[in-house]
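Raw coords.cif, mmCIF, N, CA and C atoms:
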data_upload
loop_
_atom_site.label_atom_id
_atom_site.label_comp_id
_atom_site.auth_asym_id
_atom_site.auth_seq_id
_atom_site.Cartn_x
_atom_site.Cartn_y
_atom_site.Cartn_z
N MET A 30 9.46 9.90 -1.22
CA MET A 30 9.16 8.70 -0.50
C MET A 30 8.49 9.09 0.80
N ASP A 31 7.52 8.30 1.20
CA ASP A 31 6.83 8.48 2.46
C ASP A 31 6.69 7.09 3.07
N ALA A 32 6.97 6.97 4.35
CA ALA A 32 6.93 5.65 4.96
C ALA A 32 6.50 5.73 6.42
N ASP A 33 5.90 4.65 6.88
CA ASP A 33 5.64 4.46 8.30
C ASP A 33 5.97 3.01 8.62
N ARG A 34 5.50 2.50 9.73
CA ARG A 34 5.88 1.15 10.14
C ARG A 34 5.35 0.05 9.24
N THR A 35 4.22 0.28 8.56
CA THR A 35 3.60 -0.80 7.80
C THR A 35 3.51 -0.57 6.30
N ARG A 36 3.79 0.64 5.84
CA ARG A 36 3.67 0.89 4.41
C ARG A 36 4.64 1.96 3.94
N CYS A 37 4.81 1.98 2.63
CA CYS A 37 5.77 2.90 2.02
C CYS A 37 5.21 3.35 0.67
N THR A 38 5.31 4.63 0.39
CA THR A 38 4.89 5.17 -0.90
C THR A 38 6.14 5.72 -1.58
N VAL A 39 6.34 5.31 -2.83
CA VAL A 39 7.52 5.73 -3.57
C VAL A 39 7.06 6.41 -4.86
N PHE A 40 7.62 7.55 -5.17
CA PHE A 40 7.39 8.25 -6.43
C PHE A 40 8.72 8.26 -7.18
N ALA A 41 8.69 7.79 -8.41
CA ALA A 41 9.92 7.77 -9.19
C ALA A 41 9.66 8.39 -10.56
N ALA A 42 10.54 9.27 -10.96
CA ALA A 42 10.47 9.88 -12.29
C ALA A 42 11.85 9.73 -12.92
N ALA A 43 11.95 8.87 -13.92
CA ALA A 43 13.25 8.59 -14.54
C ALA A 43 13.02 7.96 -15.90
N GLU A 44 14.12 7.62 -16.55
CA GLU A 44 14.04 6.91 -17.82
C GLU A 44 13.32 5.58 -17.59
N PRO A 45 12.55 5.10 -18.58
CA PRO A 45 11.78 3.86 -18.40
C PRO A 45 12.61 2.67 -17.91
N ALA A 46 13.82 2.50 -18.39
CA ALA A 46 14.65 1.37 -17.96
C ALA A 46 14.98 1.46 -16.47
N ARG A 47 15.19 2.67 -15.98
CA ARG A 47 15.50 2.85 -14.56
C ARG A 47 14.28 2.59 -13.69
N VAL A 48 13.09 2.99 -14.18
CA VAL A 48 11.86 2.71 -13.43
C VAL A 48 11.62 1.20 -13.41
N ASP A 49 11.83 0.54 -14.54
CA ASP A 49 11.68 -0.92 -14.59
C ASP A 49 12.63 -1.59 -13.60
N ALA A 50 13.85 -1.10 -13.49
CA ALA A 50 14.81 -1.68 -12.54
C ALA A 50 14.34 -1.48 -11.10
N LEU A 51 13.74 -0.33 -10.80
CA LEU A 51 13.20 -0.09 -9.46
C LEU A 51 12.07 -1.06 -9.15
N VAL A 52 11.17 -1.25 -10.11
CA VAL A 52 10.05 -2.18 -9.91
C VAL A 52 10.59 -3.59 -9.68
N LYS A 53 11.60 -3.98 -10.43
CA LYS A 53 12.21 -5.31 -10.25
C LYS A 53 12.85 -5.42 -8.87
N ALA A 54 13.52 -4.36 -8.41
CA ALA A 54 14.15 -4.38 -7.09
C ALA A 54 13.13 -4.49 -5.97
N LEU A 55 11.92 -3.98 -6.20
CA LEU A 55 10.86 -4.03 -5.18
C LEU A 55 10.03 -5.31 -5.27
N SER A 56 10.37 -6.21 -6.18
CA SER A 56 9.56 -7.40 -6.39
C SER A 56 9.50 -8.33 -5.18
N GLY A 57 10.43 -8.21 -4.25
CA GLY A 57 10.40 -9.04 -3.05
C GLY A 57 9.39 -8.56 -2.02
N PHE A 58 8.81 -7.39 -2.25
CA PHE A 58 7.84 -6.83 -1.33
C PHE A 58 6.44 -6.99 -1.91
N THR A 59 5.43 -6.88 -1.07
CA THR A 59 4.05 -6.91 -1.54
C THR A 59 3.71 -5.54 -2.10
N VAL A 60 3.47 -5.49 -3.40
CA VAL A 60 3.11 -4.23 -4.05
C VAL A 60 1.59 -4.23 -4.19
N ARG A 61 0.94 -3.29 -3.53
CA ARG A 61 -0.52 -3.22 -3.58
C ARG A 61 -1.03 -2.43 -4.77
N ASP A 62 -0.29 -1.44 -5.17
CA ASP A 62 -0.74 -0.59 -6.27
C ASP A 62 0.48 -0.08 -7.02
N LEU A 63 0.42 -0.14 -8.33
CA LEU A 63 1.51 0.35 -9.16
C LEU A 63 0.89 1.14 -10.31
N VAL A 64 1.27 2.39 -10.43
CA VAL A 64 0.74 3.25 -11.48
C VAL A 64 1.90 3.74 -12.31
N MET A 65 1.82 3.49 -13.61
CA MET A 65 2.86 3.97 -14.52
C MET A 65 2.15 4.78 -15.61
N THR A 66 2.70 5.93 -15.92
CA THR A 66 2.13 6.76 -16.97
C THR A 66 3.11 6.86 -18.12
N SER A 67 2.61 7.31 -19.23
CA SER A 67 3.49 7.48 -20.38
C SER A 67 4.34 8.74 -20.20
N PRO A 68 5.43 8.82 -20.90
CA PRO A 68 6.27 10.02 -20.79
C PRO A 68 5.50 11.28 -21.17
N LEU A 69 5.78 12.34 -20.49
CA LEU A 69 5.13 13.62 -20.75
C LEU A 69 6.10 14.56 -21.44
N ARG A 70 5.62 15.31 -22.37
CA ARG A 70 6.43 16.34 -23.00
C ARG A 70 5.81 17.68 -22.65
N ILE A 71 6.55 18.46 -21.92
CA ILE A 71 6.07 19.77 -21.51
C ILE A 71 6.92 20.82 -22.21
N PRO A 72 6.30 21.63 -23.05
CA PRO A 72 7.09 22.64 -23.76
C PRO A 72 7.60 23.71 -22.81
N ARG A 73 8.77 24.22 -23.12
CA ARG A 73 9.33 25.31 -22.33
C ARG A 73 8.68 26.61 -22.75
N VAL A 74 8.43 27.44 -21.78
CA VAL A 74 7.86 28.76 -22.05
C VAL A 74 9.02 29.75 -22.12
N PRO A 75 9.17 30.44 -23.24
CA PRO A 75 10.28 31.40 -23.36
C PRO A 75 10.16 32.50 -22.30
N ARG A 76 11.27 32.84 -21.72
CA ARG A 76 11.31 33.92 -20.75
C ARG A 76 11.77 35.19 -21.44
N LYS A 77 11.31 36.29 -20.97
CA LYS A 77 11.67 37.57 -21.55
C LYS A 77 13.20 37.76 -21.51
N GLY A 78 13.78 38.06 -22.65
CA GLY A 78 15.20 38.29 -22.72
C GLY A 78 16.05 37.05 -22.95
N HIS A 79 15.44 35.85 -23.00
CA HIS A 79 16.19 34.61 -23.21
C HIS A 79 15.94 34.08 -24.62
N GLN A 80 16.97 33.62 -25.26
CA GLN A 80 16.87 32.98 -26.58
C GLN A 80 16.98 31.48 -26.40
N TRP A 81 16.01 30.71 -26.91
CA TRP A 81 16.05 29.25 -26.80
C TRP A 81 16.21 28.75 -28.16
#
Please rewrite the model in this file as structure tokens.
Amino acid sequence: MDADRTRCTVFAAAEPARVDALVKALSGFTVRDLVMTSPLRIPRVPRKGHQW
């Protein structure tokens, strides 16, 4: 989160239902921009000596 006297930037990474709840909670404020992306799947890179 970043904020000053007139604006606030919020970054949220969570389950879709929790993000939806955050957007609903912010509905009383003027939202100028809202960007939502699809879930990302990032494969784990095996580390030397670790079994996954």
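Distance-wise, atom C of A:Ile71 and atom CA of A:Lys53 end up 29.2 Å apart.
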One number please: atom CA of A:Asp33 to atom CA of A:Asp49, in Å, one decimal. 24.3 Å
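Here the strand (DSSP E or B) residues in chain A, by DSSP on the backbone, are Asp31, Ala32, Cys37 and Thr38 of chain A.
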Name the residues that the PyMOL selection byres (((chain A and resi 42 and name CA) around 12) and name CA) picks from the file above, as a VMD selection string, using the file's chain letters and numbers. chain A and resid 30 39 to 41 43 to 49 51 64 to 69
Taken to one decimal, the atom CA of A:Thr38-atom CA of A:Phe58 distance is 12.4 Å
